[in-house]
$ cat coords-v6.txt   # compact mmCIF, C-alpha atoms
# COMPACT_ATOMS: atom_id res chain seq x y z
CA MET A 1 -17.12 -6.34 3.43
CA ASP A 2 -16.37 -9.99 2.71
CA ASN A 3 -12.78 -10.10 3.93
CA ASN A 4 -10.72 -8.44 6.58
CA LYS A 5 -7.54 -8.05 4.55
CA GLU A 6 -4.30 -6.94 6.16
CA ILE A 7 -3.01 -3.95 4.18
CA PHE A 8 0.67 -3.05 3.92
CA ALA A 9 1.21 0.62 4.85
CA PRO A 10 3.78 2.40 7.05
CA GLU A 11 2.51 3.89 10.31
CA ILE A 12 2.59 7.69 10.72
CA LEU A 13 2.90 9.00 14.27
CA SER A 14 2.40 12.73 13.76
CA GLU A 15 1.75 15.45 11.19
CA ASP A 16 5.48 16.05 10.80
CA GLY A 17 5.72 12.69 9.06
CA SER A 18 7.63 10.67 11.66
CA TYR A 19 7.22 6.92 11.14
CA GLY A 20 6.23 4.29 13.66
CA ASP A 21 7.28 0.67 13.81
CA ARG A 22 4.09 -0.88 12.37
CA TYR A 23 3.59 -1.62 8.68
CA SER A 24 0.02 -2.77 8.25
CA PHE A 25 -3.59 -2.25 9.26
CA PHE A 26 -6.67 -4.43 8.92
CA GLU A 27 -9.32 -3.41 6.44
CA ASN A 28 -12.12 -3.72 9.02
CA ASP A 29 -10.42 -0.96 11.02
CA LEU A 30 -10.35 1.49 8.11
CA VAL A 31 -12.33 4.62 8.98
CA ALA A 32 -11.36 7.08 6.25
CA ILE A 33 -8.76 8.03 3.67
CA GLU A 34 -7.70 11.63 3.24
CA LYS A 35 -5.21 13.60 1.18
CA TRP A 36 -1.98 14.37 2.98
CA LYS A 37 0.60 16.96 1.92
CA PRO A 38 3.85 16.05 3.69
CA LYS A 39 5.55 18.71 1.57
CA ALA A 40 4.61 21.34 -1.00
CA ASN A 41 3.18 20.08 -4.30
CA TYR A 42 3.22 16.51 -3.01
CA GLU A 43 0.03 14.66 -2.06
CA ILE A 44 -0.32 11.06 -0.87
CA PRO A 45 -3.13 9.25 0.98
CA LEU A 46 -3.44 8.88 4.74
CA PHE A 47 -5.28 5.78 5.93
CA CYS A 48 -7.10 6.69 9.13
CA THR A 49 -8.02 3.62 11.17
CA ARG A 50 -9.29 2.77 14.64
CA ASP A 51 -5.78 1.50 15.33
CA GLY A 52 -3.74 4.50 14.14
CA ILE A 53 -2.74 6.45 11.02
CA TYR A 54 -0.88 4.93 8.05
CA THR A 55 0.25 6.11 4.64
CA ALA A 56 1.29 4.80 1.24
CA PRO A 57 4.89 3.54 0.91
CA THR A 58 6.82 5.87 -1.38
CA THR A 59 10.40 4.58 -1.03
CA LEU A 60 12.17 1.27 -1.43
CA GLY A 61 13.38 1.69 2.16
CA GLU A 62 9.81 1.47 3.45
CA PHE A 63 9.35 -1.81 1.60
CA THR A 64 12.69 -3.02 2.98
CA ASN A 65 11.64 -2.24 6.55
CA GLY A 66 8.13 -3.54 6.07
CA PHE A 67 9.08 -6.82 4.40
CA PRO A 68 11.99 -8.24 6.45
CA ASP A 69 11.69 -11.60 4.68
CA PHE A 70 12.39 -9.98 1.30
CA PHE A 71 16.09 -9.62 0.41
CA SER A 72 18.03 -6.90 -1.38
CA LEU A 73 20.20 -8.77 -3.89
CA ASP A 74 21.52 -5.68 -5.66
CA THR A 75 21.32 -1.91 -5.48
CA GLY A 76 17.74 -0.86 -6.14
CA ASN A 77 15.93 -4.18 -5.79
CA LEU A 78 14.14 -6.07 -3.03
CA VAL A 79 13.44 -9.72 -3.85
CA ASN A 80 10.85 -12.16 -2.54
CA LEU A 81 13.17 -15.18 -2.46
CA ARG A 82 10.22 -17.52 -1.96
CA ASN A 83 9.23 -16.91 -5.58
CA VAL A 84 12.65 -17.45 -7.16
CA SER A 85 12.43 -20.37 -9.61
CA ARG A 86 16.10 -20.51 -10.59
CA ALA A 87 19.35 -18.61 -10.20
CA GLU A 88 22.39 -18.03 -12.39
CA ILE A 89 25.71 -17.18 -10.76
CA GLY A 90 28.83 -15.96 -12.57
CA ASP A 91 31.95 -13.90 -12.06
CA TYR A 92 29.95 -10.70 -12.46
CA GLY A 93 27.39 -11.66 -9.82
CA GLY A 94 24.23 -13.29 -11.08
CA LYS A 95 20.52 -13.20 -11.83
CA VAL A 96 17.42 -14.70 -10.26
CA TYR A 97 14.38 -15.74 -12.32
CA PHE A 98 10.73 -16.14 -11.41
CA GLY A 99 8.09 -18.67 -12.45
CA GLU A 100 8.11 -19.86 -16.04
CA TYR A 101 8.89 -16.40 -17.31
CA ASP A 102 12.03 -14.56 -18.36
CA MET A 103 11.36 -11.99 -15.65
CA HIS A 104 14.53 -11.58 -13.62
CA THR A 105 16.57 -9.19 -11.52
CA SER A 106 20.26 -8.86 -10.74
CA VAL A 107 22.46 -10.21 -7.96
CA ASN A 108 25.67 -8.43 -6.97
CA LYS A 109 28.96 -10.15 -6.17
CA LEU A 110 28.54 -9.74 -2.43
CA ASN A 111 25.29 -11.71 -2.39
CA LYS A 112 26.00 -14.42 -4.94
CA THR A 113 27.85 -16.78 -2.57
CA ALA A 114 25.09 -16.98 0.02
CA LEU A 115 22.27 -16.90 -2.54
CA PRO A 116 21.48 -20.67 -2.72
CA GLU A 117 21.25 -20.97 1.07
CA ASN A 118 19.18 -17.77 1.37
CA ILE A 119 16.69 -19.05 -1.23
CA LYS A 120 16.46 -22.40 0.57
CA SER A 121 15.78 -20.69 3.90
CA ALA A 122 13.21 -18.33 2.40
CA LYS A 123 11.16 -21.15 0.91
CA LYS A 124 10.73 -22.60 4.42
CA ARG A 125 9.14 -19.41 5.76
CA ALA A 126 5.40 -18.76 5.76
CA TYR A 127 3.81 -16.64 3.04
CA ASP A 128 3.28 -12.98 3.87
CA PRO A 129 -0.52 -12.57 4.35
CA ARG A 130 -0.68 -8.85 3.54
CA PHE A 131 -1.92 -6.96 0.50
CA VAL A 132 -0.38 -3.98 -1.30
CA ILE A 133 -2.55 -1.20 -2.74
CA GLY A 134 -1.38 -0.85 -6.31
CA THR A 135 -2.45 0.34 -9.72
CA SER A 136 -1.88 -1.32 -13.09
CA GLU A 137 -2.93 0.28 -16.38
CA SER A 138 -4.68 3.03 -14.39
CA GLU A 139 -6.88 0.58 -12.46
CA ALA A 140 -6.22 0.12 -8.75
CA GLY A 141 -6.78 -2.86 -6.49
CA LEU A 142 -5.37 -4.99 -3.68
CA TYR A 143 -2.50 -7.28 -4.66
CA PRO A 144 -1.27 -10.18 -2.46
CA ALA A 145 2.25 -9.57 -1.16
CA LYS A 146 2.99 -13.29 -1.49
CA ASP A 147 2.68 -12.94 -5.29
CA ILE A 148 5.34 -10.21 -5.52
CA TYR A 149 8.52 -11.29 -7.30
CA PHE A 150 10.59 -8.20 -6.55
CA VAL A 151 10.26 -4.49 -5.85
CA ASP A 152 12.22 -1.66 -7.46
CA MET A 153 11.78 2.07 -8.15
CA TRP A 154 10.32 3.37 -11.40
CA ASP A 155 10.46 6.81 -13.02
CA PRO A 156 7.19 7.27 -14.95
CA LYS A 157 8.16 10.88 -15.54
CA LYS A 158 11.06 13.22 -14.81
CA ASN A 159 11.85 13.70 -11.11
CA TYR A 160 9.01 11.39 -10.09
CA HIS A 161 9.92 8.05 -8.52
CA VAL A 162 7.43 5.43 -7.34
CA PRO A 163 7.82 1.91 -5.94
CA ARG A 164 7.03 -0.75 -8.52
CA PHE A 165 6.31 -4.37 -7.65
CA HIS A 166 6.64 -7.10 -10.25
CA HIS A 167 4.45 -10.20 -10.39
CA SER A 168 3.46 -12.90 -12.89
CA ASN A 169 1.15 -10.59 -14.85
CA GLY A 170 3.64 -7.73 -15.19
CA PHE A 171 3.99 -4.95 -12.66
CA CYS A 172 2.00 -2.51 -10.57
CA VAL A 173 2.94 0.73 -8.87
CA VAL A 174 1.88 1.95 -5.47
CA ALA A 175 -1.50 3.73 -5.53
CA LEU A 176 -0.98 7.37 -4.53
CA THR A 177 -4.16 9.20 -5.59
CA MET A 178 -7.64 9.46 -4.09
CA ARG A 179 -9.10 8.11 -7.32
CA HIS A 180 -6.99 4.98 -7.04
CA CYS A 181 -7.92 4.61 -3.38
CA GLN A 182 -11.60 4.82 -4.34
CA GLU A 183 -11.06 2.05 -6.90
CA ALA A 184 -9.24 -0.13 -4.36
CA PHE A 185 -11.95 0.43 -1.71
CA PRO A 186 -15.13 1.01 -3.75
CA TYR A 187 -17.40 0.93 -0.69
CA LEU A 188 -15.92 4.17 0.67
CA PHE A 189 -18.09 7.29 0.41
CA PRO A 190 -16.64 10.57 -1.00
CA ALA A 191 -17.38 13.08 1.78
CA THR A 192 -15.24 15.76 0.12
CA PRO A 193 -12.78 15.75 -2.82
CA GLY A 194 -10.08 14.98 -0.27
CA HIS A 195 -11.90 12.54 2.04
CA LEU A 196 -13.25 9.04 1.55
CA ILE A 197 -15.16 7.64 4.53
CA ASN A 198 -16.36 4.22 5.65
CA VAL A 199 -20.08 4.76 6.25
CA SER A 200 -20.33 1.53 8.28
CA LYS A 201 -18.05 3.15 10.89
CA VAL A 202 -19.94 6.47 11.13
CA SER A 203 -21.34 7.12 14.61
CA GLY A 204 -22.85 10.53 13.87
CA TYR A 205 -22.08 14.07 12.78
CA ASP A 206 -21.90 17.54 14.29
CA GLU A 207 -23.40 20.46 12.39
CA HIS A 208 -21.94 23.90 13.07
CA SER A 209 -22.23 27.33 11.48
CA PHE A 210 -18.78 26.83 9.96
CA GLY A 211 -19.53 23.36 8.58
CA THR A 212 -20.22 19.75 9.48
CA THR A 213 -17.86 17.08 10.78
CA VAL A 214 -18.41 13.33 10.70
CA LYS A 215 -17.67 11.18 13.77
CA PHE A 216 -16.67 7.51 13.79
CA GLU A 217 -16.97 4.58 16.16
CA GLY A 218 -13.96 3.64 18.26
CA THR A 219 -11.82 6.68 17.40
CA ASN A 220 -11.53 10.41 18.00
CA TYR A 221 -10.90 11.00 14.31
CA THR A 222 -13.35 13.34 12.56
CA CYS A 223 -13.51 14.69 9.04
CA PRO A 224 -15.42 17.41 7.20
CA ILE A 225 -18.25 16.73 4.79
CA SER A 226 -19.75 18.99 2.14
CA GLN A 227 -23.41 19.97 2.41
CA PRO A 228 -24.55 18.09 -0.72
CA LYS A 229 -22.74 14.95 0.48
CA LEU A 230 -24.22 15.35 3.99
CA LYS A 231 -27.73 15.06 2.57
CA VAL A 232 -26.76 11.81 0.86
CA LEU A 233 -25.02 10.51 4.00
CA LYS A 234 -28.08 11.21 6.14
CA LYS A 235 -30.21 9.18 3.78
CA ILE A 236 -27.73 6.28 3.82
CA LEU A 237 -27.60 6.31 7.62
CA GLN A 238 -31.40 6.29 7.85
CA GLU A 239 -31.52 3.21 5.64
CA LYS A 240 -28.94 1.31 7.71
$ encode --input "coords-v6.txt" --output "structure tokens"
Amino acid sequence: MDNNKEIFAPEILSEDGSYGDRYSFFENDLVAIEKWKPKANYEIPLFCTRDGIYTAPTTLGEFTNGFPDFFSLDTGNLVNLRNVSRAEIGDYGGKVYFGEYDMHTSVNKLNKTALPENIKSAKKRAYDPRFVIGTSESEAGLYPAKDIYFVDMWDPKKNYHVPRFHHSNGFCVVALTMRHCQEAFPYLFPATPGHLINVSKVSGYDEHSFGTTVKFEGTNYTCPISQPKLKVLKKILQEK
């Protein structure tokens, strides 16, 4: 791969879903992506790396913890103050605007007084170097965190809430499906319907009567592979 991007994703410490204190991994460490079911009828990706296990952010709180330089100006928003172009303050609270556009979000009364100083301080800080895995108009990719204007929650359908991050070209939502992960990381190989693997990290495979598992360099992580896909993988490995 051309770049070793740093990807924003909360760390997962165990299968019960407890979170760690890290919020990113480097793309060169990515070994595989697999479907994870933290609860019934709910599937999100797990990013398995040589440095640990991470998952997709599904709440505004995860963005709040992962982006300490972003600021919550009102209930339900998290603002990248570096990208604020102007602010309006009134008795009701206020609004902040971004770029040359009418895109804006609200400021509550508690935050309006300190807003000018907070914006000034934010613009002195370094840009966040990470990328967010998102999807826009059903096409997924990696979006620079420094380009985010603000983050909020969106309800694309009833009882379904996803983080949405706004930028100059509109908005994207967090990528939560294997198809979107495949689009964001097109070099990954589909070992099974629920596993995408990084062939460049494969160290070998073990064939058993009950199936075959793939092994990877620098980690104890293994994953299954279907027989038809194993034949293709063997050919790819021979050509490496």
$ atom_distance --input "coords-v6.txt" --atom1 "CA of Met103 in chain A" --atom2 "CA of Val84 in chain A"
10.2 Å
$ residues_near_point --input "coords-v6.txt" --point "(-0.5, -13.0, -12.6)" --cutoff "12 Å" --atoms "all atoms listed in the file" --output "list in words"
Phe98, Gly99, Glu100, Tyr101, Ser136, Tyr143, Pro144, Lys146, Asp147, Ile148, Tyr149, His166, His167, Ser168, Asn169, Gly170, Phe171 and Cys172 of chain A
$ closest_atom_pairs --input "coords-v6.txt" --of "range 125-204 of chain A" --to "range 56-59 of chain A" --cutoff "8 Å" --atoms "all atoms listed in the file" --output "CSV"
residue,atom,partner,partner_atom,distance
A:Met153,CA,A:Thr59,CA,7.7
A:Val162,CA,A:Thr58,CA,6.0
A:Pro163,CA,A:Thr58,CA,6.1
A:Val174,CA,A:Pro57,CA,7.2
A:Ala175,CA,A:Ala56,CA,7.4
A:Leu176,CA,A:Ala56,CA,6.7
$ closest_residue --input "coords-v6.txt" --among "A:Ser72, A:Asn77, A:Asn220, A:Thr113" --to "Gly94 in chain A" --atoms "only C-alpha atoms"
A:Thr113
$ residues_around --input "coords-v6.txt" --residues "Glu6 in chain A" --least-positions-apart "2" --cutoff "8 Å" --atoms "only C-alpha atoms" --output "list of chain:residue names"
A:Asn4, A:Phe8, A:Ser24, A:Phe25, A:Phe26, A:Glu27, A:Pro129, A:Arg130, A:Phe131
$ atom_distance --input "coords-v6.txt" --atom1 "CA of Ala140 in chain A" --atom2 "CA of Glu183 in chain A"
5.5 Å
$ closest_residue --input "coords-v6.txt" --among "A:Arg22, A:Lys215, A:Lys39, A:Lys231" --to "Gly66 in chain A" --atoms "only C-alpha atoms"
A:Arg22
$ atom_distance --input "coords-v6.txt" --atom1 "CA of Tyr23 in chain A" --atom2 "CA of Ile7 in chain A"
8.3 Å
$ decode --input "coords-v6.txt" --residues "range 13-94 of chain A" --atoms "C-alpha atoms" --output "mmCIF file, in the first residue's frame"
data_model
loop_
_atom_site.group_PDB
_atom_site.id
_atom_site.type_symbol
_atom_site.label_atom_id
_atom_site.label_comp_id
_atom_site.auth_asym_id
_atom_site.auth_seq_id
_atom_site.Cartn_x
_atom_site.Cartn_y
_atom_site.Cartn_z
ATOM 1 C CA LEU A 13 -10.207 -5.451 24.901
ATOM 2 C CA SER A 14 -12.387 -8.564 24.999
ATOM 3 C CA GLU A 15 -15.365 -10.313 23.428
ATOM 4 C CA ASP A 16 -17.701 -8.787 26.007
ATOM 5 C CA GLY A 17 -17.161 -5.431 24.321
ATOM 6 C CA SER A 18 -15.139 -3.605 26.978
ATOM 7 C CA TYR A 19 -13.238 -0.639 25.539
ATOM 8 C CA GLY A 20 -9.587 0.227 25.910
ATOM 9 C CA ASP A 21 -7.974 3.641 25.991
ATOM 10 C CA ARG A 22 -6.646 3.703 22.406
ATOM 11 C CA TYR A 23 -8.564 5.153 19.474
ATOM 12 C CA SER A 24 -6.574 4.389 16.359
ATOM 13 C CA PHE A 25 -4.485 1.835 14.506
ATOM 14 C CA PHE A 26 -2.088 2.122 11.589
ATOM 15 C CA GLU A 27 -3.141 0.697 8.263
ATOM 16 C CA ASN A 28 0.118 -1.248 7.846
ATOM 17 C CA ASP A 29 -0.799 -3.211 10.981
ATOM 18 C CA LEU A 30 -4.205 -4.282 9.650
ATOM 19 C CA VAL A 31 -4.402 -8.074 9.449
ATOM 20 C CA ALA A 32 -8.099 -8.746 8.901
ATOM 21 C CA ILE A 33 -11.623 -7.419 9.297
ATOM 22 C CA GLU A 34 -14.393 -9.657 10.559
ATOM 23 C CA LYS A 35 -18.064 -9.361 11.437
ATOM 24 C CA TRP A 36 -18.734 -8.878 15.114
ATOM 25 C CA LYS A 37 -22.097 -9.343 16.847
ATOM 26 C CA PRO A 38 -21.875 -7.485 20.176
ATOM 27 C CA LYS A 39 -25.593 -8.129 20.586
ATOM 28 C CA ALA A 40 -28.393 -9.962 18.783
ATOM 29 C CA ASN A 41 -29.325 -8.683 15.316
ATOM 30 C CA TYR A 42 -26.486 -6.161 15.429
ATOM 31 C CA GLU A 43 -23.324 -6.579 13.344
ATOM 32 C CA ILE A 44 -20.356 -4.211 13.093
ATOM 33 C CA PRO A 45 -16.776 -4.730 11.883
ATOM 34 C CA LEU A 46 -13.815 -5.718 14.034
ATOM 35 C CA PHE A 47 -10.426 -4.509 12.818
ATOM 36 C CA CYS A 48 -7.861 -7.131 13.790
ATOM 37 C CA THR A 49 -4.334 -5.734 13.807
ATOM 38 C CA ARG A 50 -0.866 -6.735 14.971
ATOM 39 C CA ASP A 51 -1.317 -4.132 17.700
ATOM 40 C CA GLY A 52 -4.743 -5.153 19.037
ATOM 41 C CA ILE A 53 -8.445 -5.286 18.139
ATOM 42 C CA TYR A 54 -10.527 -2.224 17.217
ATOM 43 C CA THR A 55 -14.071 -1.584 16.060
ATOM 44 C CA ALA A 56 -16.192 1.026 14.310
ATOM 45 C CA PRO A 57 -17.398 3.976 16.433
ATOM 46 C CA THR A 58 -21.168 3.760 16.836
ATOM 47 C CA THR A 59 -21.878 6.518 19.381
ATOM 48 C CA LEU A 60 -21.153 10.210 19.701
ATOM 49 C CA GLY A 61 -19.455 9.405 23.011
ATOM 50 C CA GLU A 62 -16.781 7.382 21.223
ATOM 51 C CA PHE A 63 -16.052 10.353 18.975
ATOM 52 C CA THR A 64 -15.968 12.616 22.042
ATOM 53 C CA ASN A 65 -13.436 10.382 23.787
ATOM 54 C CA GLY A 66 -11.425 9.784 20.645
ATOM 55 C CA PHE A 67 -11.220 13.418 19.538
ATOM 56 C CA PRO A 68 -10.368 15.433 22.683
ATOM 57 C CA ASP A 69 -9.606 18.527 20.594
ATOM 58 C CA PHE A 70 -13.171 18.589 19.238
ATOM 59 C CA PHE A 71 -15.703 20.444 21.408
ATOM 60 C CA SER A 72 -19.342 19.769 22.234
ATOM 61 C CA LEU A 73 -21.062 23.132 21.764
ATOM 62 C CA ASP A 74 -24.606 21.847 22.223
ATOM 63 C CA THR A 75 -26.456 18.647 23.000
ATOM 64 C CA GLY A 76 -25.836 16.181 20.199
ATOM 65 C CA ASN A 77 -22.922 17.831 18.400
ATOM 66 C CA LEU A 78 -19.135 17.616 18.506
ATOM 67 C CA VAL A 79 -17.379 20.451 16.684
ATOM 68 C CA ASN A 80 -13.924 20.710 15.137
ATOM 69 C CA LEU A 81 -13.287 24.305 16.231
ATOM 70 C CA ARG A 82 -10.276 24.541 13.914
ATOM 71 C CA ASN A 83 -12.663 24.637 10.963
ATOM 72 C CA VAL A 84 -15.054 27.284 12.291
ATOM 73 C CA SER A 85 -15.042 30.268 9.903
ATOM 74 C CA ARG A 86 -17.352 32.540 11.893
ATOM 75 C CA ALA A 87 -19.630 32.537 14.911
ATOM 76 C CA GLU A 88 -22.880 34.270 15.808
ATOM 77 C CA ILE A 89 -23.757 34.786 19.467
ATOM 78 C CA GLY A 90 -27.139 35.929 20.802
ATOM 79 C CA ASP A 91 -29.364 35.704 23.843
ATOM 80 C CA TYR A 92 -30.471 32.223 22.807
ATOM 81 C CA GLY A 93 -26.928 30.909 22.477
ATOM 82 C CA GLY A 94 -25.438 30.988 19.019
#
